[in-house]
Protein chains: 2
Amino acid sequence: MLQDLNGRSQPEYLPLVREGGDEAAQRGRGRPRDEVARGRILTAALEILEEAGFANTTADAIAERAGASKATIYRWWPNKGAVLIEALREQVAQETPFPDTGDVARDIREQLSDFIALLTGRRGRIFKAFIAAAQSDAEFADAFRQVWIRPRREQAQALLRKHIVEGRLPADTDLEVVMDAIYGPIYFRLLAGHAPLTAEFAEGIATMALQALLNSGV
Amino acid sequence: MLQDLNGRSQPEYLPLVREGGDEAAQRGRGRPRDEVARGRILTAALEILEEAGFANTTADAIAERAGASKATIYRWWPNKGAVLIEALREQVAQETPFPDTGDVARDIREQLSDFIALLTGRRGRIFKAFIAAAQSDAEFADAFRQVWIRPRREQAQALLRKHIVEGRLPADTDLEVVMDAIYGPIYFRLLAGHAPLTAEFAEGIATMALQALLNSGV
DNA sequence: AATTTTCGAAACTTATTAGTACCGTAAATG
DNA sequence: CATTTACGGTACTAATAAGTTTCGAAAATT
C-alpha cells in the first residue's frame, strides 16, 4: 500500500498563517516585503522552466526576468528549488476542478481530454521538468507528489467513488489502479515522446478503461 | 530487436569492420585498443548510474571505478553522454525476448510481470535516469526511444498482432494505444513514485486491459 | 630496434552556477 | 527625523565538473 497520509505538506520555510488582524505588528517596523516582486519571481521561474527547461532555470535568469535581485530571491526562499516548488503550488491552485457530469463515461472522457489539453499547452513542460527533477532530488519528488499528483488523484477518485456508491460502477473497483490506468498512459507519452498526445489518444484510453470498468462485474 | 548482431553497434568514428582475415591491416601499427577496458568503462558507467543517479555519474567517477583513465574515455567517446548511450545499448541487447505462449492473457500478464521485475531490480534506476535526462537533452531522448522504447514496443506489438491475425483479438485493435495502456501505468508509477510497483499492480493493469480487449467487439 | 598508437595517472584549463556580501536607496514605523 | 527592514545591482566566493594536455610506460607493427 501507500505510505501517504502522513500529512506534512507545508515546507517549514513558508510563513505559517497567523491569526489576528494586527498585520502591522507582525510585519515589524521596516519596509514591508514587496508582494509584487514575489509574484514576478514566481511567474518568471515558471516561465523560464517552461521555455528553457530545468537546467537553464538558473537563479540569475529568474532574477533578471523578474526584474528583481538575486539577493531578494534568497532573502525569502532558502534555495532555488523552493522557488520552483512554491511556483508550482500557486500554479496548481489556479487549476479548475473536474466537472461532475453524473455520467461515468463523460466524467472520464472529459478528465482525460482536459488533461491532454493542459499538457500540450505551455504548461506541459512544467510537469516534464518536475518529474525529471524528481528523479534525482527527493525534495522535488515529494513536492510534486504532494502538490500535484496527490490532490489530483484524490479529486478524480472522489468522483469515481460517487459512481461506485450510486451503483454505476462495481463495488470492488480498485480506484488506485484505475487512476494509473487512465493517467499513466498520458504521462508516459508526455515523458517518452514516442507518440503524440492527441485527443484521439485520450479517447482511446478512455474507451479501453470504460470497457474494462463497465463490463467487469457483470 | 536491435541491429547489433553483426557490427556490434560501433560508433561511426570507429573504423568499420572490414572483411578478410587480415586483422593486422585493419588495426594499423600501434598498440590496439584495450577492449577489456572498454567493457569496464561501459559497465562502470551503468553501475554508477544505477547507484548514484545521473547527476553523480561524472566522467571522473566512471574512470575511477573502471580503473581507466579519463583520457581513455574521451579517446573513444566524444562526450559523456555517448558512453551512457552505448552502455544502455549493450545492456538492452542482453535482455531476453518476450515469451510467446499462444494465449493473449498469458502473454500480456507475463510481459507486465517481467517488466515490473526488471524495473524493481537494480536496473530500474537506469530507465528512470534516462527518461529524466531525456527531458532536457534531445540526444538522450532520441537514443532512449531508438534503443529501448521502439524495439520493445515493436516486439510486443508483433506478439499481439499475431493474436489479431489468428482471430483471438478484434481486427480493429489499436496496438499503439494498447501498448501505452499497459506499459504507461507502470512507467508512471516508476517515475512519479506515488505507489509501489508490485505484482498485484501488474495484474490489475493486465486484467483491465484484457477485459477491454476481449469484450470490445463482441 | 625503431616506430606507432594506446594506456593509466594526474595536473590543468575553462565554464557554469549556487549562494553570499556589500552598496546606496526606498518604504515603512515610532 | 531616526530606525528598521527590504529593495535592485553587482561583485564576489566556492564548488563542481567537462574536457584537454602531458607524461612515461606498454603493446603492437615493420
# chains A, B, ... in the order shown; residues from 1 in each chain; ligands from 1
$ calpha_fit_and_write --fixed "chain B" --moving "chain A" --output "PDB file with C-alpha atoms, in the first residue's frame"
ATOM      1  CA  MET A   1       2.192   8.075 -37.422  1.00  0.00           C
ATOM      2  CA  LEU A   2       5.727   7.430 -36.447  1.00  0.00           C
ATOM      3  CA  GLN A   3       8.779   8.735 -38.083  1.00  0.00           C
ATOM      4  CA  ASP A   4      10.774   5.667 -37.270  1.00  0.00           C
ATOM      5  CA  LEU A   5      12.022   3.090 -39.724  1.00  0.00           C
ATOM      6  CA  ASN A   6      14.747   5.443 -40.782  1.00  0.00           C
ATOM      7  CA  GLY A   7      17.412   2.962 -39.795  1.00  0.00           C
ATOM      8  CA  ARG A   8      20.484   4.811 -38.670  1.00  0.00           C
ATOM      9  CA  SER A   9      21.052   2.912 -35.469  1.00  0.00           C
ATOM     10  CA  GLN A  10      24.816   2.804 -35.279  1.00  0.00           C
ATOM     11  CA  PRO A  11      26.639   5.833 -33.925  1.00  0.00           C
ATOM     12  CA  GLU A  12      29.395   6.851 -36.262  1.00  0.00           C
ATOM     13  CA  TYR A  13      32.154   6.605 -33.720  1.00  0.00           C
ATOM     14  CA  LEU A  14      31.765   2.878 -33.235  1.00  0.00           C
ATOM     15  CA  PRO A  15      34.127   0.857 -35.357  1.00  0.00           C
ATOM     16  CA  LEU A  16      32.115  -0.828 -38.046  1.00  0.00           C
ATOM     17  CA  VAL A  17      32.391  -4.566 -38.330  1.00  0.00           C
ATOM     18  CA  ARG A  18      35.071  -5.439 -40.799  1.00  0.00           C
ATOM     19  CA  GLU A  19      35.220  -8.654 -42.720  1.00  0.00           C
ATOM     20  CA  GLY A  20      38.234 -10.883 -43.105  1.00  0.00           C
ATOM     21  CA  GLY A  21      40.212 -12.783 -40.540  1.00  0.00           C
ATOM     22  CA  ASP A  22      43.370 -10.688 -40.605  1.00  0.00           C
ATOM     23  CA  GLU A  23      42.895  -9.034 -37.265  1.00  0.00           C
ATOM     24  CA  ALA A  24      46.524  -8.173 -36.855  1.00  0.00           C
ATOM     25  CA  ALA A  25      46.587  -6.070 -39.979  1.00  0.00           C
ATOM     26  CA  GLN A  26      43.546  -4.180 -38.780  1.00  0.00           C
ATOM     27  CA  ARG A  27      45.037  -3.525 -35.416  1.00  0.00           C
ATOM     28  CA  GLY A  28      48.142  -1.988 -36.785  1.00  0.00           C
ATOM     29  CA  ARG A  29      51.458  -2.196 -35.044  1.00  0.00           C
ATOM     30  CA  GLY A  30      51.248  -0.892 -31.532  1.00  0.00           C
ATOM     31  CA  ARG A  31      49.812  -2.156 -28.285  1.00  0.00           C
ATOM     32  CA  PRO A  32      46.257  -3.341 -28.822  1.00  0.00           C
ATOM     33  CA  ARG A  33      43.286  -1.871 -27.099  1.00  0.00           C
ATOM     34  CA  ASP A  34      42.671  -3.271 -23.647  1.00  0.00           C
ATOM     35  CA  GLU A  35      39.283  -4.927 -24.033  1.00  0.00           C
ATOM     36  CA  VAL A  36      39.127  -5.731 -20.350  1.00  0.00           C
ATOM     37  CA  ALA A  37      39.493  -2.077 -19.487  1.00  0.00           C
ATOM     38  CA  ARG A  38      36.762  -1.289 -21.988  1.00  0.00           C
ATOM     39  CA  GLY A  39      34.461  -3.670 -20.159  1.00  0.00           C
ATOM     40  CA  ARG A  40      35.400  -2.230 -16.788  1.00  0.00           C
ATOM     41  CA  ILE A  41      34.638   1.276 -18.017  1.00  0.00           C
ATOM     42  CA  LEU A  42      31.210   0.318 -19.329  1.00  0.00           C
ATOM     43  CA  THR A  43      30.374  -1.616 -16.183  1.00  0.00           C
ATOM     44  CA  ALA A  44      31.544   1.194 -13.927  1.00  0.00           C
ATOM     45  CA  ALA A  45      29.517   3.759 -15.856  1.00  0.00           C
ATOM     46  CA  LEU A  46      26.352   1.766 -15.445  1.00  0.00           C
ATOM     47  CA  GLU A  47      27.002   1.020 -11.786  1.00  0.00           C
ATOM     48  CA  ILE A  48      27.510   4.654 -10.933  1.00  0.00           C
ATOM     49  CA  LEU A  49      24.442   5.582 -12.931  1.00  0.00           C
ATOM     50  CA  GLU A  50      22.459   3.070 -10.883  1.00  0.00           C
ATOM     51  CA  GLU A  51      23.815   4.158  -7.554  1.00  0.00           C
ATOM     52  CA  ALA A  52      24.226   7.870  -7.861  1.00  0.00           C
ATOM     53  CA  GLY A  53      22.116   9.021 -10.762  1.00  0.00           C
ATOM     54  CA  PHE A  54      23.022  10.836 -13.897  1.00  0.00           C
ATOM     55  CA  ALA A  55      24.308  14.041 -12.353  1.00  0.00           C
ATOM     56  CA  ASN A  56      26.919  12.199 -10.325  1.00  0.00           C
ATOM     57  CA  THR A  57      28.095   9.979 -13.140  1.00  0.00           C
ATOM     58  CA  THR A  58      31.151  12.050 -13.943  1.00  0.00           C
ATOM     59  CA  ALA A  59      34.029  11.050 -16.134  1.00  0.00           C
ATOM     60  CA  ASP A  60      36.332  11.110 -13.134  1.00  0.00           C
ATOM     61  CA  ALA A  61      34.057   8.813 -11.147  1.00  0.00           C
ATOM     62  CA  ILE A  62      33.852   6.324 -14.000  1.00  0.00           C
ATOM     63  CA  ALA A  63      37.599   6.316 -14.461  1.00  0.00           C
ATOM     64  CA  GLU A  64      38.253   5.871 -10.778  1.00  0.00           C
ATOM     65  CA  ARG A  65      35.864   2.961 -10.345  1.00  0.00           C
ATOM     66  CA  ALA A  66      37.022   1.280 -13.520  1.00  0.00           C
ATOM     67  CA  GLY A  67      40.642   1.577 -12.461  1.00  0.00           C
ATOM     68  CA  ALA A  68      41.227   3.278 -15.773  1.00  0.00           C
ATOM     69  CA  SER A  69      42.491   6.627 -16.892  1.00  0.00           C
ATOM     70  CA  LYS A  70      40.235   9.382 -18.036  1.00  0.00           C
ATOM     71  CA  ALA A  71      42.467   9.650 -21.057  1.00  0.00           C
ATOM     72  CA  THR A  72      41.600   6.069 -21.941  1.00  0.00           C
ATOM     73  CA  ILE A  73      37.930   6.890 -21.841  1.00  0.00           C
ATOM     74  CA  TYR A  74      38.304   9.818 -24.190  1.00  0.00           C
ATOM     75  CA  ARG A  75      40.635   7.795 -26.371  1.00  0.00           C
ATOM     76  CA  TRP A  76      37.739   5.526 -27.353  1.00  0.00           C
ATOM     77  CA  TRP A  77      34.588   7.531 -26.818  1.00  0.00           C
ATOM     78  CA  PRO A  78      34.019  11.060 -28.060  1.00  0.00           C
ATOM     79  CA  ASN A  79      32.228  12.155 -24.921  1.00  0.00           C
ATOM     80  CA  LYS A  80      30.728  10.921 -21.719  1.00  0.00           C
ATOM     81  CA  GLY A  81      27.294  10.352 -23.157  1.00  0.00           C
ATOM     82  CA  ALA A  82      28.649   7.931 -25.733  1.00  0.00           C
ATOM     83  CA  VAL A  83      30.027   5.767 -22.934  1.00  0.00           C
ATOM     84  CA  LEU A  84      26.645   5.562 -21.265  1.00  0.00           C
ATOM     85  CA  ILE A  85      24.834   4.835 -24.480  1.00  0.00           C
ATOM     86  CA  GLU A  86      27.195   2.019 -25.357  1.00  0.00           C
ATOM     87  CA  ALA A  87      26.864   0.685 -21.828  1.00  0.00           C
ATOM     88  CA  LEU A  88      23.123   0.677 -22.156  1.00  0.00           C
ATOM     89  CA  ARG A  89      23.358  -1.141 -25.458  1.00  0.00           C
ATOM     90  CA  GLU A  90      25.444  -3.910 -23.959  1.00  0.00           C
ATOM     91  CA  GLN A  91      23.133  -4.169 -20.994  1.00  0.00           C
ATOM     92  CA  VAL A  92      20.067  -4.424 -23.182  1.00  0.00           C
ATOM     93  CA  ALA A  93      21.711  -7.061 -25.337  1.00  0.00           C
ATOM     94  CA  GLN A  94      21.860  -9.334 -22.299  1.00  0.00           C
ATOM     95  CA  GLU A  95      18.152  -9.153 -21.610  1.00  0.00           C
ATOM     96  CA  THR A  96      16.317 -12.380 -22.202  1.00  0.00           C
ATOM     97  CA  PRO A  97      13.546 -12.314 -24.797  1.00  0.00           C
ATOM     98  CA  PHE A  98       9.871 -12.603 -23.946  1.00  0.00           C
ATOM     99  CA  PRO A  99       8.449 -16.067 -23.440  1.00  0.00           C
ATOM    100  CA  ASP A 100       5.945 -17.184 -26.053  1.00  0.00           C
ATOM    101  CA  THR A 101       3.316 -19.153 -24.173  1.00  0.00           C
ATOM    102  CA  GLY A 102       0.784 -19.299 -26.967  1.00  0.00           C
ATOM    103  CA  ASP A 103      -1.822 -17.762 -24.669  1.00  0.00           C
ATOM    104  CA  VAL A 104      -2.691 -14.077 -24.879  1.00  0.00           C
ATOM    105  CA  ALA A 105      -3.382 -13.609 -21.198  1.00  0.00           C
ATOM    106  CA  ARG A 106      -0.284 -15.445 -20.067  1.00  0.00           C
ATOM    107  CA  ASP A 107       1.902 -13.593 -22.556  1.00  0.00           C
ATOM    108  CA  ILE A 108       0.798 -10.205 -21.344  1.00  0.00           C
ATOM    109  CA  ARG A 109       0.857 -11.071 -17.667  1.00  0.00           C
ATOM    110  CA  GLU A 110       4.343 -12.477 -17.899  1.00  0.00           C
ATOM    111  CA  GLN A 111       5.631  -9.532 -19.872  1.00  0.00           C
ATOM    112  CA  LEU A 112       4.401  -7.073 -17.305  1.00  0.00           C
ATOM    113  CA  SER A 113       5.509  -8.947 -14.232  1.00  0.00           C
ATOM    114  CA  ASP A 114       8.934  -9.523 -15.760  1.00  0.00           C
ATOM    115  CA  PHE A 115       9.164  -5.849 -16.584  1.00  0.00           C
ATOM    116  CA  ILE A 116       8.284  -4.806 -13.058  1.00  0.00           C
ATOM    117  CA  ALA A 117      10.856  -7.220 -11.711  1.00  0.00           C
ATOM    118  CA  LEU A 118      13.430  -5.589 -13.958  1.00  0.00           C
ATOM    119  CA  LEU A 119      12.528  -2.057 -12.946  1.00  0.00           C
ATOM    120  CA  THR A 120      12.390  -2.710  -9.232  1.00  0.00           C
ATOM    121  CA  GLY A 121      15.836  -4.277  -9.349  1.00  0.00           C
ATOM    122  CA  ARG A 122      19.011  -2.291  -9.440  1.00  0.00           C
ATOM    123  CA  ARG A 123      18.557  -1.548 -13.102  1.00  0.00           C
ATOM    124  CA  GLY A 124      15.390   0.405 -12.715  1.00  0.00           C
ATOM    125  CA  ARG A 125      17.490   3.437 -11.957  1.00  0.00           C
ATOM    126  CA  ILE A 126      19.215   3.129 -15.305  1.00  0.00           C
ATOM    127  CA  PHE A 127      15.973   3.622 -17.151  1.00  0.00           C
ATOM    128  CA  LYS A 128      14.935   6.468 -14.928  1.00  0.00           C
ATOM    129  CA  ALA A 129      18.236   8.178 -15.535  1.00  0.00           C
ATOM    130  CA  PHE A 130      18.094   7.706 -19.284  1.00  0.00           C
ATOM    131  CA  ILE A 131      14.569   8.991 -19.630  1.00  0.00           C
ATOM    132  CA  ALA A 132      15.449  11.975 -17.491  1.00  0.00           C
ATOM    133  CA  ALA A 133      18.538  12.720 -19.536  1.00  0.00           C
ATOM    134  CA  ALA A 134      16.542  12.323 -22.729  1.00  0.00           C
ATOM    135  CA  GLN A 135      14.377  15.282 -21.789  1.00  0.00           C
ATOM    136  CA  SER A 136      17.246  17.701 -22.279  1.00  0.00           C
ATOM    137  CA  ASP A 137      19.483  15.824 -24.687  1.00  0.00           C
ATOM    138  CA  ALA A 138      18.220  14.756 -28.089  1.00  0.00           C
ATOM    139  CA  GLU A 139      21.094  12.350 -28.571  1.00  0.00           C
ATOM    140  CA  PHE A 140      20.107  10.481 -25.437  1.00  0.00           C
ATOM    141  CA  ALA A 141      16.500  10.501 -26.461  1.00  0.00           C
ATOM    142  CA  ASP A 142      17.314   8.949 -29.825  1.00  0.00           C
ATOM    143  CA  ALA A 143      19.632   6.410 -28.303  1.00  0.00           C
ATOM    144  CA  PHE A 144      17.164   5.353 -25.670  1.00  0.00           C
ATOM    145  CA  ARG A 145      14.427   4.859 -28.208  1.00  0.00           C
ATOM    146  CA  GLN A 146      16.623   2.986 -30.652  1.00  0.00           C
ATOM    147  CA  VAL A 147      18.401   0.818 -28.137  1.00  0.00           C
ATOM    148  CA  TRP A 148      15.662   0.045 -25.674  1.00  0.00           C
ATOM    149  CA  ILE A 149      12.167   1.243 -26.468  1.00  0.00           C
ATOM    150  CA  ARG A 150      11.930   0.274 -30.115  1.00  0.00           C
ATOM    151  CA  PRO A 151      13.374  -3.261 -29.983  1.00  0.00           C
ATOM    152  CA  ARG A 152      11.338  -4.012 -26.903  1.00  0.00           C
ATOM    153  CA  ARG A 153       8.138  -2.806 -28.515  1.00  0.00           C
ATOM    154  CA  GLU A 154       8.783  -4.645 -31.736  1.00  0.00           C
ATOM    155  CA  GLN A 155       9.388  -7.846 -29.891  1.00  0.00           C
ATOM    156  CA  ALA A 156       6.251  -7.492 -27.825  1.00  0.00           C
ATOM    157  CA  GLN A 157       4.201  -6.504 -30.846  1.00  0.00           C
ATOM    158  CA  ALA A 158       5.434  -9.492 -32.784  1.00  0.00           C
ATOM    159  CA  LEU A 159       4.056 -11.781 -30.125  1.00  0.00           C
ATOM    160  CA  LEU A 160       0.665 -10.123 -30.107  1.00  0.00           C
ATOM    161  CA  ARG A 161       0.564 -10.024 -33.881  1.00  0.00           C
ATOM    162  CA  LYS A 162       0.802 -13.779 -33.847  1.00  0.00           C
ATOM    163  CA  HIS A 163      -2.296 -13.906 -31.690  1.00  0.00           C
ATOM    164  CA  ILE A 164      -4.083 -11.699 -34.187  1.00  0.00           C
ATOM    165  CA  VAL A 165      -3.081 -13.857 -37.120  1.00  0.00           C
ATOM    166  CA  GLU A 166      -4.214 -16.971 -35.336  1.00  0.00           C
ATOM    167  CA  GLY A 167      -7.534 -15.432 -34.440  1.00  0.00           C
ATOM    168  CA  ARG A 168      -7.187 -15.040 -30.709  1.00  0.00           C
ATOM    169  CA  LEU A 169      -7.232 -11.259 -30.940  1.00  0.00           C
ATOM    170  CA  PRO A 170      -9.422  -9.020 -33.112  1.00  0.00           C
ATOM    171  CA  ALA A 171      -7.944  -8.164 -36.478  1.00  0.00           C
ATOM    172  CA  ASP A 172      -8.343  -4.445 -35.954  1.00  0.00           C
ATOM    173  CA  THR A 173      -6.359  -4.352 -32.708  1.00  0.00           C
ATOM    174  CA  ASP A 174      -4.117  -1.287 -32.677  1.00  0.00           C
ATOM    175  CA  LEU A 175      -0.886  -2.687 -31.368  1.00  0.00           C
ATOM    176  CA  GLU A 176       0.774   0.690 -30.934  1.00  0.00           C
ATOM    177  CA  VAL A 177      -1.952   1.774 -28.560  1.00  0.00           C
ATOM    178  CA  VAL A 178      -1.908  -1.555 -26.756  1.00  0.00           C
ATOM    179  CA  MET A 179       1.825  -1.286 -26.179  1.00  0.00           C
ATOM    180  CA  ASP A 180       1.419   2.112 -24.549  1.00  0.00           C
ATOM    181  CA  ALA A 181      -1.624   0.975 -22.624  1.00  0.00           C
ATOM    182  CA  ILE A 182       0.257  -1.793 -20.877  1.00  0.00           C
ATOM    183  CA  TYR A 183       3.766  -0.361 -20.582  1.00  0.00           C
ATOM    184  CA  GLY A 184       2.881   3.309 -20.111  1.00  0.00           C
ATOM    185  CA  PRO A 185       1.350   2.879 -16.661  1.00  0.00           C
ATOM    186  CA  ILE A 186       4.430   1.074 -15.419  1.00  0.00           C
ATOM    187  CA  TYR A 187       6.819   3.705 -16.721  1.00  0.00           C
ATOM    188  CA  PHE A 188       4.568   6.316 -15.209  1.00  0.00           C
ATOM    189  CA  ARG A 189       4.822   4.880 -11.712  1.00  0.00           C
ATOM    190  CA  LEU A 190       8.530   4.412 -12.157  1.00  0.00           C
ATOM    191  CA  LEU A 191       9.041   8.043 -13.071  1.00  0.00           C
ATOM    192  CA  ALA A 192       6.454   9.843 -10.983  1.00  0.00           C
ATOM    193  CA  GLY A 193       6.836   7.645  -7.930  1.00  0.00           C
ATOM    194  CA  HIS A 194       3.345   8.330  -6.667  1.00  0.00           C
ATOM    195  CA  ALA A 195       2.608   4.641  -6.042  1.00  0.00           C
ATOM    196  CA  PRO A 196       4.720   1.491  -5.792  1.00  0.00           C
ATOM    197  CA  LEU A 197       5.555  -0.885  -8.625  1.00  0.00           C
ATOM    198  CA  THR A 198       4.087  -4.087  -7.273  1.00  0.00           C
ATOM    199  CA  ALA A 199       3.102  -7.388  -8.800  1.00  0.00           C
ATOM    200  CA  GLU A 200      -0.494  -6.529  -7.957  1.00  0.00           C
ATOM    201  CA  PHE A 201      -0.245  -3.404 -10.022  1.00  0.00           C
ATOM    202  CA  ALA A 202       1.092  -5.318 -12.993  1.00  0.00           C
ATOM    203  CA  GLU A 203      -1.737  -7.775 -12.581  1.00  0.00           C
ATOM    204  CA  GLY A 204      -4.312  -4.975 -12.484  1.00  0.00           C
ATOM    205  CA  ILE A 205      -3.010  -3.359 -15.641  1.00  0.00           C
ATOM    206  CA  ALA A 206      -2.818  -6.698 -17.422  1.00  0.00           C
ATOM    207  CA  THR A 207      -6.360  -7.537 -16.417  1.00  0.00           C
ATOM    208  CA  MET A 208      -7.700  -4.244 -17.678  1.00  0.00           C
ATOM    209  CA  ALA A 209      -5.898  -4.607 -20.988  1.00  0.00           C
ATOM    210  CA  LEU A 210      -7.087  -8.161 -21.446  1.00  0.00           C
ATOM    211  CA  GLN A 211     -10.687  -7.277 -20.757  1.00  0.00           C
ATOM    212  CA  ALA A 212     -10.480  -4.532 -23.334  1.00  0.00           C
ATOM    213  CA  LEU A 213      -8.759  -6.750 -25.881  1.00  0.00           C
ATOM    214  CA  LEU A 214     -10.839  -9.864 -25.506  1.00  0.00           C
ATOM    215  CA  ASN A 215     -14.246  -8.241 -25.133  1.00  0.00           C
ATOM    216  CA  SER A 216     -13.937  -5.655 -27.842  1.00  0.00           C
ATOM    217  CA  GLY A 217     -14.949  -7.028 -31.197  1.00  0.00           C
ATOM    218  CA  VAL A 218     -17.357  -9.601 -29.856  1.00  0.00           C
TER     219      VAL A 218
END
$ residues_around --residues "DT22 of chain D" --least-positions-apart "6" --cutoff "12 Å" --atoms "only C-alpha atoms (C1' of nucleotides)" --output "PyMOL selection string"
(chain B and resi 71) or (chain C and resi 9-12)
$ write_last_selection --atoms "all heavy atoms" --output "PDB file, in the first residue's frame"
ATOM      1  N   ALA B  71      41.307  10.120 -19.956  1.00  0.00           N
ATOM      2  CA  ALA B  71      41.770  10.332 -21.328  1.00  0.00           C
ATOM      3  C   ALA B  71      41.334   9.186 -22.231  1.00  0.00           C
ATOM      4  O   ALA B  71      41.016   9.385 -23.404  1.00  0.00           O
ATOM      5  CB  ALA B  71      43.290  10.475 -21.351  1.00  0.00           C
TER       6      ALA B  71
ATOM      7  P    DA C   9      45.369   4.081 -12.864  1.00  0.00           P
ATOM      8  OP1  DA C   9      45.753   3.196 -11.739  1.00  0.00           O
ATOM      9  OP2  DA C   9      43.958   4.363 -13.129  1.00  0.00           O
ATOM     10  O5'  DA C   9      46.145   5.457 -12.684  1.00  0.00           O
ATOM     11  C5'  DA C   9      47.561   5.463 -12.709  1.00  0.00           C
ATOM     12  C4'  DA C   9      48.062   6.895 -12.644  1.00  0.00           C
ATOM     13  O4'  DA C   9      48.044   7.464 -13.978  1.00  0.00           O
ATOM     14  C3'  DA C   9      47.222   7.825 -11.756  1.00  0.00           C
ATOM     15  O3'  DA C   9      48.050   8.404 -10.774  1.00  0.00           O
ATOM     16  C2'  DA C   9      46.659   8.860 -12.719  1.00  0.00           C
ATOM     17  C1'  DA C   9      47.651   8.811 -13.877  1.00  0.00           C
ATOM     18  N9   DA C   9      47.085   9.187 -15.161  1.00  0.00           N
ATOM     19  C8   DA C   9      45.912   8.741 -15.718  1.00  0.00           C
ATOM     20  N7   DA C   9      45.655   9.243 -16.897  1.00  0.00           N
ATOM     21  C5   DA C   9      46.726  10.086 -17.138  1.00  0.00           C
ATOM     22  C6   DA C   9      47.042  10.914 -18.231  1.00  0.00           C
ATOM     23  N6   DA C   9      46.288  11.036 -19.302  1.00  0.00           N
ATOM     24  N1   DA C   9      48.202  11.622 -18.156  1.00  0.00           N
ATOM     25  C2   DA C   9      48.971  11.498 -17.065  1.00  0.00           C
ATOM     26  N3   DA C   9      48.766  10.746 -15.980  1.00  0.00           N
ATOM     27  C4   DA C   9      47.614  10.063 -16.082  1.00  0.00           C
ATOM     28  P    DA C  10      47.376   9.222  -9.540  1.00  0.00           P
ATOM     29  OP1  DA C  10      48.117   8.821  -8.321  1.00  0.00           O
ATOM     30  OP2  DA C  10      45.905   9.090  -9.596  1.00  0.00           O
ATOM     31  O5'  DA C  10      47.757  10.714  -9.909  1.00  0.00           O
ATOM     32  C5'  DA C  10      48.950  10.970 -10.627  1.00  0.00           C
ATOM     33  C4'  DA C  10      48.861  12.330 -11.279  1.00  0.00           C
ATOM     34  O4'  DA C  10      48.247  12.212 -12.586  1.00  0.00           O
ATOM     35  C3'  DA C  10      48.012  13.349 -10.508  1.00  0.00           C
ATOM     36  O3'  DA C  10      48.730  14.542 -10.372  1.00  0.00           O
ATOM     37  C2'  DA C  10      46.789  13.530 -11.400  1.00  0.00           C
ATOM     38  C1'  DA C  10      47.418  13.325 -12.774  1.00  0.00           C
ATOM     39  N9   DA C  10      46.453  13.034 -13.812  1.00  0.00           N
ATOM     40  C8   DA C  10      45.357  12.223 -13.723  1.00  0.00           C
ATOM     41  N7   DA C  10      44.652  12.160 -14.837  1.00  0.00           N
ATOM     42  C5   DA C  10      45.340  12.996 -15.702  1.00  0.00           C
ATOM     43  C6   DA C  10      45.103  13.360 -17.040  1.00  0.00           C
ATOM     44  N6   DA C  10      44.070  12.910 -17.754  1.00  0.00           N
ATOM     45  N1   DA C  10      45.987  14.216 -17.619  1.00  0.00           N
ATOM     46  C2   DA C  10      47.016  14.663 -16.895  1.00  0.00           C
ATOM     47  N3   DA C  10      47.338  14.382 -15.627  1.00  0.00           N
ATOM     48  C4   DA C  10      46.455  13.536 -15.092  1.00  0.00           C
ATOM     49  P    DA C  11      48.257  15.674  -9.316  1.00  0.00           P
ATOM     50  OP1  DA C  11      49.091  15.563  -8.093  1.00  0.00           O
ATOM     51  OP2  DA C  11      46.788  15.635  -9.213  1.00  0.00           O
ATOM     52  O5'  DA C  11      48.679  16.998 -10.094  1.00  0.00           O
ATOM     53  C5'  DA C  11      49.800  16.970 -10.973  1.00  0.00           C
ATOM     54  C4'  DA C  11      49.523  17.895 -12.148  1.00  0.00           C
ATOM     55  O4'  DA C  11      48.590  17.257 -13.055  1.00  0.00           O
ATOM     56  C3'  DA C  11      48.893  19.233 -11.743  1.00  0.00           C
ATOM     57  O3'  DA C  11      49.573  20.294 -12.396  1.00  0.00           O
ATOM     58  C2'  DA C  11      47.445  19.095 -12.207  1.00  0.00           C
ATOM     59  C1'  DA C  11      47.586  18.173 -13.409  1.00  0.00           C
ATOM     60  N9   DA C  11      46.380  17.421 -13.716  1.00  0.00           N
ATOM     61  C8   DA C  11      45.647  16.630 -12.866  1.00  0.00           C
ATOM     62  N7   DA C  11      44.597  16.071 -13.427  1.00  0.00           N
ATOM     63  C5   DA C  11      44.641  16.531 -14.728  1.00  0.00           C
ATOM     64  C6   DA C  11      43.799  16.297 -15.829  1.00  0.00           C
ATOM     65  N6   DA C  11      42.713  15.533 -15.779  1.00  0.00           N
ATOM     66  N1   DA C  11      44.116  16.919 -16.991  1.00  0.00           N
ATOM     67  C2   DA C  11      45.205  17.687 -17.041  1.00  0.00           C
ATOM     68  N3   DA C  11      46.072  17.978 -16.070  1.00  0.00           N
ATOM     69  C4   DA C  11      45.728  17.359 -14.931  1.00  0.00           C
ATOM     70  P    DC C  12      49.261  21.782 -11.995  1.00  0.00           P
ATOM     71  OP1  DC C  12      50.530  22.536 -12.088  1.00  0.00           O
ATOM     72  OP2  DC C  12      48.470  21.797 -10.736  1.00  0.00           O
ATOM     73  O5'  DC C  12      48.305  22.253 -13.189  1.00  0.00           O
ATOM     74  C5'  DC C  12      48.685  21.943 -14.544  1.00  0.00           C
ATOM     75  C4'  DC C  12      47.500  22.190 -15.463  1.00  0.00           C
ATOM     76  O4'  DC C  12      46.559  21.099 -15.329  1.00  0.00           O
ATOM     77  C3'  DC C  12      46.709  23.454 -15.119  1.00  0.00           C
ATOM     78  O3'  DC C  12      47.056  24.470 -16.045  1.00  0.00           O
ATOM     79  C2'  DC C  12      45.244  23.031 -15.261  1.00  0.00           C
ATOM     80  C1'  DC C  12      45.305  21.598 -15.745  1.00  0.00           C
ATOM     81  N1   DC C  12      44.254  20.711 -15.161  1.00  0.00           N
ATOM     82  C2   DC C  12      43.202  20.292 -15.979  1.00  0.00           C
ATOM     83  O2   DC C  12      43.168  20.659 -17.158  1.00  0.00           O
ATOM     84  N3   DC C  12      42.237  19.497 -15.460  1.00  0.00           N
ATOM     85  C4   DC C  12      42.306  19.122 -14.178  1.00  0.00           C
ATOM     86  N4   DC C  12      41.333  18.331 -13.720  1.00  0.00           N
ATOM     87  C5   DC C  12      43.366  19.544 -13.339  1.00  0.00           C
ATOM     88  C6   DC C  12      44.307  20.330 -13.859  1.00  0.00           C
TER      89       DC C  12
END
$ closest_atom_pairs --of "chain C" --to "chain B" --cutoff "9 Å" --atoms "only C-alpha atoms (C1' of nucleotides)" --output "CSV"
residue,atom,partner,partner_atom,distance
C:DT3,C1',B:Gly30,CA,8.4
C:DT4,C1',B:Gly30,CA,4.4
C:DT5,C1',B:Gly30,CA,3.8
C:DT6,C1',B:Arg31,CA,5.2
C:DC7,C1',B:Thr72,CA,7.5
C:DG8,C1',B:Ser69,CA,5.2
C:DA9,C1',B:Ser69,CA,7.0
